[in-house]
file my_file_11.cif (mmCIF, N, CA and C atoms)
data_structure
#
loop_
_atom_site.label_atom_id
_atom_site.label_comp_id
_atom_site.auth_asym_id
_atom_site.auth_seq_id
_atom_site.Cartn_x
_atom_site.Cartn_y
_atom_site.Cartn_z
N MET A 1194 73.14 105.77 102.75
CA MET A 1194 73.63 105.30 101.48
C MET A 1194 72.51 104.69 100.62
N GLU A 1195 71.42 104.38 101.25
CA GLU A 1195 70.33 103.76 100.49
C GLU A 1195 69.76 104.68 99.43
N LYS A 1196 69.92 105.98 99.59
CA LYS A 1196 69.44 106.94 98.59
C LYS A 1196 70.48 107.22 97.50
N ASP A 1197 71.70 106.78 97.71
CA ASP A 1197 72.79 106.99 96.75
C ASP A 1197 72.59 106.02 95.59
N SER A 1198 72.49 106.55 94.40
CA SER A 1198 72.24 105.71 93.22
C SER A 1198 73.37 104.71 92.97
N GLU A 1199 74.57 105.00 93.49
CA GLU A 1199 75.70 104.09 93.32
C GLU A 1199 75.94 103.24 94.56
N GLY A 1200 75.11 103.41 95.58
CA GLY A 1200 75.23 102.61 96.79
C GLY A 1200 76.32 103.07 97.75
N GLY A 1201 76.90 104.22 97.50
CA GLY A 1201 77.95 104.76 98.36
C GLY A 1201 79.23 104.99 97.59
N GLY A 1202 80.16 105.64 98.25
CA GLY A 1202 81.47 105.86 97.65
C GLY A 1202 82.26 104.56 97.64
N THR A 1203 83.44 104.61 97.05
CA THR A 1203 84.26 103.39 96.97
C THR A 1203 85.60 103.58 97.68
N ASN A 1204 86.04 102.52 98.34
CA ASN A 1204 87.34 102.48 98.99
C ASN A 1204 88.40 102.11 97.97
N THR A 1205 89.67 102.17 98.36
CA THR A 1205 90.77 101.87 97.43
C THR A 1205 90.69 100.46 96.87
N ASP A 1206 90.11 99.52 97.65
CA ASP A 1206 90.00 98.14 97.18
C ASP A 1206 88.74 97.89 96.35
N GLY A 1207 87.96 98.95 96.09
CA GLY A 1207 86.75 98.82 95.29
C GLY A 1207 85.50 98.52 96.09
N SER A 1208 85.66 98.23 97.38
CA SER A 1208 84.49 97.97 98.22
C SER A 1208 83.74 99.28 98.47
N ARG A 1209 82.49 99.17 98.87
CA ARG A 1209 81.65 100.33 99.13
C ARG A 1209 81.98 100.92 100.50
N SER A 1210 82.03 102.22 100.56
CA SER A 1210 82.22 102.93 101.82
C SER A 1210 80.91 102.92 102.58
N ILE A 1211 80.97 102.66 103.86
CA ILE A 1211 79.75 102.72 104.67
C ILE A 1211 79.55 104.11 105.28
N GLU A 1212 80.56 104.97 105.13
CA GLU A 1212 80.48 106.31 105.71
C GLU A 1212 80.25 107.41 104.69
N TYR A 1213 80.81 107.26 103.50
CA TYR A 1213 80.77 108.35 102.52
C TYR A 1213 80.00 107.97 101.25
N CYS A 1214 79.30 108.94 100.68
CA CYS A 1214 78.52 108.71 99.47
C CYS A 1214 79.39 108.85 98.22
N SER A 1215 78.80 108.52 97.09
CA SER A 1215 79.53 108.58 95.82
C SER A 1215 79.81 110.01 95.36
N LEU A 1216 79.10 110.99 95.89
CA LEU A 1216 79.39 112.39 95.56
C LEU A 1216 80.66 112.86 96.27
N CYS A 1217 80.98 112.22 97.37
CA CYS A 1217 82.08 112.66 98.23
C CYS A 1217 83.36 111.84 98.09
N TYR A 1218 83.22 110.56 97.76
CA TYR A 1218 84.33 109.64 97.95
C TYR A 1218 84.40 108.61 96.83
N LYS A 1219 85.53 108.54 96.15
CA LYS A 1219 85.73 107.55 95.08
C LYS A 1219 87.16 107.04 95.14
N ASP A 1220 87.30 105.72 95.03
CA ASP A 1220 88.62 105.08 95.01
C ASP A 1220 89.48 105.44 96.23
N GLY A 1221 88.82 105.59 97.38
CA GLY A 1221 89.55 105.86 98.61
C GLY A 1221 90.00 107.30 98.78
N LYS A 1222 89.49 108.20 97.94
CA LYS A 1222 89.87 109.61 98.03
C LYS A 1222 88.63 110.49 98.00
N PHE A 1223 88.73 111.62 98.66
CA PHE A 1223 87.63 112.57 98.62
C PHE A 1223 87.60 113.25 97.25
N THR A 1224 86.43 113.40 96.68
CA THR A 1224 86.30 113.97 95.35
C THR A 1224 86.64 115.46 95.32
N HIS A 1225 86.48 116.13 96.42
CA HIS A 1225 86.81 117.56 96.53
C HIS A 1225 87.61 117.75 97.82
N PRO A 1226 88.88 117.38 97.80
CA PRO A 1226 89.67 117.38 99.04
C PRO A 1226 89.87 118.75 99.69
N ASP A 1227 89.72 119.81 98.94
CA ASP A 1227 89.95 121.15 99.49
C ASP A 1227 88.68 121.86 99.93
N PHE A 1228 87.52 121.22 99.74
CA PHE A 1228 86.26 121.83 100.15
C PHE A 1228 86.16 121.92 101.66
N THR A 1229 85.55 123.00 102.14
CA THR A 1229 85.14 123.08 103.54
C THR A 1229 83.83 122.31 103.65
N VAL A 1230 83.38 122.09 104.87
CA VAL A 1230 82.12 121.38 105.05
C VAL A 1230 80.96 122.17 104.43
N LYS A 1231 80.99 123.47 104.54
CA LYS A 1231 79.91 124.29 103.94
C LYS A 1231 79.93 124.20 102.42
N GLN A 1232 81.10 124.18 101.83
CA GLN A 1232 81.20 124.04 100.37
C GLN A 1232 80.68 122.66 99.94
N MET A 1233 81.00 121.62 100.72
CA MET A 1233 80.54 120.28 100.38
C MET A 1233 79.02 120.19 100.52
N GLN A 1234 78.48 120.82 101.54
CA GLN A 1234 77.03 120.83 101.70
C GLN A 1234 76.36 121.49 100.49
N ALA A 1235 76.87 122.62 100.06
CA ALA A 1235 76.29 123.32 98.90
C ALA A 1235 76.42 122.46 97.65
N HIS A 1236 77.57 121.84 97.47
CA HIS A 1236 77.79 120.96 96.31
C HIS A 1236 76.79 119.79 96.32
N CYS A 1237 76.61 119.18 97.46
CA CYS A 1237 75.69 118.04 97.56
C CYS A 1237 74.24 118.45 97.35
N VAL A 1238 73.86 119.60 97.90
CA VAL A 1238 72.49 120.10 97.69
C VAL A 1238 72.24 120.30 96.20
N ASP A 1239 73.18 120.94 95.52
CA ASP A 1239 73.03 121.17 94.08
C ASP A 1239 72.94 119.85 93.32
N ALA A 1240 73.79 118.89 93.67
CA ALA A 1240 73.77 117.59 92.98
C ALA A 1240 72.47 116.85 93.23
N LEU A 1241 72.00 116.86 94.46
CA LEU A 1241 70.75 116.17 94.78
C LEU A 1241 69.56 116.83 94.09
N LYS A 1242 69.54 118.15 94.05
CA LYS A 1242 68.47 118.85 93.32
C LYS A 1242 68.54 118.52 91.84
N GLY A 1243 69.75 118.38 91.31
CA GLY A 1243 69.93 118.01 89.91
C GLY A 1243 69.40 116.61 89.59
N HIS A 1244 69.30 115.78 90.63
CA HIS A 1244 68.74 114.44 90.47
C HIS A 1244 67.25 114.40 90.80
N GLY A 1245 66.64 115.59 90.94
CA GLY A 1245 65.20 115.67 91.13
C GLY A 1245 64.72 115.76 92.57
N MET A 1246 65.63 115.84 93.52
CA MET A 1246 65.21 115.94 94.91
C MET A 1246 64.83 117.40 95.20
N PRO A 1247 63.72 117.61 95.91
CA PRO A 1247 63.35 118.98 96.29
C PRO A 1247 64.46 119.61 97.14
N GLY A 1248 64.65 120.91 96.98
CA GLY A 1248 65.72 121.62 97.67
C GLY A 1248 65.71 121.44 99.17
N PHE A 1249 64.54 121.50 99.79
CA PHE A 1249 64.46 121.35 101.24
C PHE A 1249 64.93 119.97 101.67
N MET A 1250 64.52 118.94 100.94
CA MET A 1250 64.94 117.58 101.28
C MET A 1250 66.45 117.42 101.07
N ALA A 1251 66.98 118.00 100.02
CA ALA A 1251 68.42 117.94 99.77
C ALA A 1251 69.19 118.58 100.92
N TRP A 1252 68.69 119.70 101.42
CA TRP A 1252 69.32 120.38 102.55
C TRP A 1252 69.29 119.49 103.79
N ILE A 1253 68.15 118.84 104.04
CA ILE A 1253 68.02 117.93 105.19
C ILE A 1253 69.07 116.82 105.10
N PHE A 1254 69.26 116.26 103.91
CA PHE A 1254 70.21 115.16 103.73
C PHE A 1254 71.64 115.58 104.03
N THR A 1255 71.96 116.85 103.91
CA THR A 1255 73.34 117.30 104.13
C THR A 1255 73.60 117.75 105.56
N ARG A 1256 72.61 117.77 106.40
CA ARG A 1256 72.77 118.26 107.77
C ARG A 1256 73.76 117.41 108.58
N GLY A 1257 73.92 116.15 108.25
CA GLY A 1257 74.82 115.28 109.00
C GLY A 1257 76.28 115.34 108.56
N LEU A 1258 76.57 116.04 107.47
CA LEU A 1258 77.95 116.08 106.97
C LEU A 1258 78.97 116.54 108.02
N PRO A 1259 78.68 117.57 108.81
CA PRO A 1259 79.69 118.01 109.78
C PRO A 1259 80.05 116.93 110.82
N LYS A 1260 79.22 115.92 110.97
CA LYS A 1260 79.49 114.87 111.96
C LYS A 1260 80.35 113.73 111.43
N LEU A 1261 80.62 113.73 110.12
CA LEU A 1261 81.46 112.68 109.54
C LEU A 1261 82.91 112.88 109.98
N SER A 1262 83.66 111.79 110.04
CA SER A 1262 85.03 111.87 110.54
C SER A 1262 85.90 112.83 109.72
N ARG A 1263 85.59 112.99 108.45
CA ARG A 1263 86.37 113.93 107.63
C ARG A 1263 86.34 115.34 108.20
N TRP A 1264 85.24 115.73 108.78
CA TRP A 1264 85.06 117.11 109.22
C TRP A 1264 85.27 117.31 110.72
N LYS A 1265 85.52 116.27 111.46
CA LYS A 1265 85.64 116.41 112.91
C LYS A 1265 86.68 117.45 113.33
N LYS A 1266 87.74 117.60 112.55
CA LYS A 1266 88.76 118.58 112.88
C LYS A 1266 88.25 120.01 112.72
N ASP A 1267 87.13 120.19 111.96
CA ASP A 1267 86.59 121.53 111.71
C ASP A 1267 85.69 122.05 112.82
N TRP A 1268 85.28 121.19 113.76
CA TRP A 1268 84.42 121.69 114.82
C TRP A 1268 84.99 121.44 116.12
#
call {"tool": "encode", "arguments": {"input": "my_file_11.cif", "output": "structure tokens"}}
result
Amino acid sequence: MEKDSEGGGTNTDGSRSIEYCSLCYKDGKFTHPDFTVKQMQAHCVDALKGHGMPGFMAWIFTRGLPKLSRWKKDW
């Protein structure tokens, strides 16, 4: 979350999520609830590149997404 310009996503009570970033999670809800993990990875890579991060580094940052509790049912 230290690389997230907003410091992470937000829970329903307005507190910061320690698990999800601001690209994924706002107000206690996933920003793209119907995305698969691969779609979310592509979305995040594009967003990070749009913020000036090199493509390879953006890809590295998304490698941990499948391990988040949101995706555990997918593997």
call {"tool": "atom_distance", "arguments": {"input": "my_file_11.cif", "atom1": "atom N of Gly1207 of chain A", "atom2": "atom N of Lys1231 of chain A"}}
result
26.9 Å
call {"tool": "select_by_dssp", "arguments": {"input": "my_file_11.cif", "residues": "segment 1196-1250 of chain A", "states": "helix (DSSP H, G or I)", "output": "list in words"}}
result
Val1230, Lys1231, Gln1232, Met1233, Gln1234, Ala1235, His1236, Cys1237, Val1238, Asp1239, Ala1240, Leu1241, Lys1242, Gly1243, Gly1248, Phe1249 and Met1250 of chain A
call {"tool": "write_last_selection", "arguments": {"input": "my_file_11.cif", "atoms": "N, CA and C atoms", "output": "short mmCIF file (atom, residue, chain, number, x, y, z; two decimals), in the coordinates of the input"}}
result
data_model
loop_
_atom_site.label_atom_id
_atom_site.label_comp_id
_atom_site.auth_asym_id
_atom_site.auth_seq_id
_atom_site.Cartn_x
_atom_site.Cartn_y
_atom_site.Cartn_z
N VAL A 1230 83.38 122.09 104.87
CA VAL A 1230 82.12 121.38 105.05
C VAL A 1230 80.96 122.17 104.43
N LYS A 1231 80.99 123.47 104.54
CA LYS A 1231 79.91 124.29 103.94
C LYS A 1231 79.93 124.20 102.42
N GLN A 1232 81.10 124.18 101.83
CA GLN A 1232 81.20 124.04 100.37
C GLN A 1232 80.68 122.66 99.94
N MET A 1233 81.00 121.62 100.72
CA MET A 1233 80.54 120.28 100.38
C MET A 1233 79.02 120.19 100.52
N GLN A 1234 78.48 120.82 101.54
CA GLN A 1234 77.03 120.83 101.70
C GLN A 1234 76.36 121.49 100.49
N ALA A 1235 76.87 122.62 100.06
CA ALA A 1235 76.29 123.32 98.90
C ALA A 1235 76.42 122.46 97.65
N HIS A 1236 77.57 121.84 97.47
CA HIS A 1236 77.79 120.96 96.31
C HIS A 1236 76.79 119.79 96.32
N CYS A 1237 76.61 119.18 97.46
CA CYS A 1237 75.69 118.04 97.56
C CYS A 1237 74.24 118.45 97.35
N VAL A 1238 73.86 119.60 97.90
CA VAL A 1238 72.49 120.10 97.69
C VAL A 1238 72.24 120.30 96.20
N ASP A 1239 73.18 120.94 95.52
CA ASP A 1239 73.03 121.17 94.08
C ASP A 1239 72.94 119.85 93.32
N ALA A 1240 73.79 118.89 93.67
CA ALA A 1240 73.77 117.59 92.98
C ALA A 1240 72.47 116.85 93.23
N LEU A 1241 72.00 116.86 94.46
CA LEU A 1241 70.75 116.17 94.78
C LEU A 1241 69.56 116.83 94.09
N LYS A 1242 69.54 118.15 94.05
CA LYS A 1242 68.47 118.85 93.32
C LYS A 1242 68.54 118.52 91.84
N GLY A 1243 69.75 118.38 91.31
CA GLY A 1243 69.93 118.01 89.91
C GLY A 1243 69.40 116.61 89.59
N GLY A 1248 64.65 120.91 96.98
CA GLY A 1248 65.72 121.62 97.67
C GLY A 1248 65.71 121.44 99.17
N PHE A 1249 64.54 121.50 99.79
CA PHE A 1249 64.46 121.35 101.24
C PHE A 1249 64.93 119.97 101.67
N MET A 1250 64.52 118.94 100.94
CA MET A 1250 64.94 117.58 101.28
C MET A 1250 66.45 117.42 101.07
#
call {"tool": "residues_around", "arguments": {"input": "my_file_11.cif", "residues": "Tyr1218 of chain A", "least_positions_apart": "4", "cutoff": "12 Å", "atoms": "only C-alpha atoms", "output": "PyMOL selection string"}}
result
chain A and resi 1197+1199-1205+1207-1214+1222-1226+1233+1263
call {"tool": "select_by_dssp", "arguments": {"input": "my_file_11.cif", "residues": "chain A", "states": "strand (DSSP E or B)", "output": "list in words"}}
result
Thr1203, Arg1209, Tyr1218, Lys1219, Lys1222 and Phe1223 of chain A
call {"tool": "write_last_selection", "arguments": {"input": "my_file_11.cif", "atoms": "N, CA and C atoms", "output": "short mmCIF file (atom, residue, chain, number, x, y, z; two decimals), keeping the file's coordinate frame"}}
result
data_model
loop_
_atom_site.label_atom_id
_atom_site.label_comp_id
_atom_site.auth_asym_id
_atom_site.auth_seq_id
_atom_site.Cartn_x
_atom_site.Cartn_y
_atom_site.Cartn_z
N THR A 1203 83.44 104.61 97.05
CA THR A 1203 84.26 103.39 96.97
C THR A 1203 85.60 103.58 97.68
N ARG A 1209 82.49 99.17 98.87
CA ARG A 1209 81.65 100.33 99.13
C ARG A 1209 81.98 100.92 100.50
N TYR A 1218 83.22 110.56 97.76
CA TYR A 1218 84.33 109.64 97.95
C TYR A 1218 84.40 108.61 96.83
N LYS A 1219 85.53 108.54 96.15
CA LYS A 1219 85.73 107.55 95.08
C LYS A 1219 87.16 107.04 95.14
N LYS A 1222 89.49 108.20 97.94
CA LYS A 1222 89.87 109.61 98.03
C LYS A 1222 88.63 110.49 98.00
N PHE A 1223 88.73 111.62 98.66
CA PHE A 1223 87.63 112.57 98.62
C PHE A 1223 87.60 113.25 97.25
#
call {"tool": "atom_distance", "arguments": {"input": "my_file_11.cif", "atom1": "atom CA of Asp1239 of chain A", "atom2": "atom CA of Ala1251 of chain A"}}
result
8.0 Å
call {"tool": "resolve_selection", "arguments": {"input": "my_file_11.cif", "expression": "the PyMOL selection byres (((chain A and resi 1255 and name CA) around 9) and name CA)", "output": "MDAnalysis selection string"}}
result
chainID A and resid 1233:1235 1237:1238 1250:1254 1256:1259
call {"tool": "atom_distance", "arguments": {"input": "my_file_11.cif", "atom1": "atom C of Lys1196 of chain A", "atom2": "atom CA of Lys1219 of chain A"}}
result
15.4 Å
call {"tool": "decode", "arguments": {"input": "my_file_11.cif", "residues": "segment 1226-1242 of chain A", "atoms": "N, CA and C atoms", "output": "short mmCIF file (atom, residue, chain, number, x, y, z; two decimals), in the first residue's frame"}}
result
data_model
loop_
_atom_site.label_atom_id
_atom_site.label_comp_id
_atom_site.auth_asym_id
_atom_site.auth_seq_id
_atom_site.Cartn_x
_atom_site.Cartn_y
_atom_site.Cartn_z
N PRO A 1226 -16.42 -5.68 -9.49
CA PRO A 1226 -16.81 -6.94 -8.84
C PRO A 1226 -16.90 -8.15 -9.78
N ASP A 1227 -17.05 -7.93 -11.06
CA ASP A 1227 -17.20 -9.05 -12.00
C ASP A 1227 -15.90 -9.44 -12.69
N PHE A 1228 -14.81 -8.72 -12.40
CA PHE A 1228 -13.53 -9.05 -13.02
C PHE A 1228 -13.00 -10.38 -12.51
N THR A 1229 -12.35 -11.12 -13.40
CA THR A 1229 -11.55 -12.27 -12.99
C THR A 1229 -10.22 -11.73 -12.50
N VAL A 1230 -9.43 -12.59 -11.89
CA VAL A 1230 -8.12 -12.13 -11.41
C VAL A 1230 -7.25 -11.67 -12.58
N LYS A 1231 -7.33 -12.34 -13.70
CA LYS A 1231 -6.53 -11.93 -14.87
C LYS A 1231 -6.98 -10.57 -15.41
N GLN A 1232 -8.27 -10.33 -15.41
CA GLN A 1232 -8.78 -9.02 -15.84
C GLN A 1232 -8.32 -7.92 -14.88
N MET A 1233 -8.33 -8.22 -13.58
CA MET A 1233 -7.90 -7.23 -12.59
C MET A 1233 -6.41 -6.96 -12.74
N GLN A 1234 -5.63 -7.98 -12.99
CA GLN A 1234 -4.20 -7.79 -13.21
C GLN A 1234 -3.96 -6.87 -14.40
N ALA A 1235 -4.65 -7.12 -15.50
CA ALA A 1235 -4.48 -6.28 -16.70
C ALA A 1235 -4.91 -4.84 -16.41
N HIS A 1236 -6.01 -4.68 -15.71
CA HIS A 1236 -6.50 -3.35 -15.35
C HIS A 1236 -5.47 -2.61 -14.49
N CYS A 1237 -4.93 -3.29 -13.51
CA CYS A 1237 -3.95 -2.66 -12.61
C CYS A 1237 -2.65 -2.32 -13.34
N VAL A 1238 -2.20 -3.21 -14.22
CA VAL A 1238 -0.99 -2.93 -15.01
C VAL A 1238 -1.20 -1.66 -15.83
N ASP A 1239 -2.34 -1.58 -16.50
CA ASP A 1239 -2.63 -0.39 -17.32
C ASP A 1239 -2.68 0.87 -16.46
N ALA A 1240 -3.32 0.79 -15.30
CA ALA A 1240 -3.42 1.95 -14.41
C ALA A 1240 -2.06 2.37 -13.88
N LEU A 1241 -1.25 1.41 -13.49
CA LEU A 1241 0.08 1.73 -12.97
C LEU A 1241 0.97 2.32 -14.06
N LYS A 1242 0.89 1.78 -15.27
CA LYS A 1242 1.65 2.35 -16.38
C LYS A 1242 1.18 3.77 -16.67
#
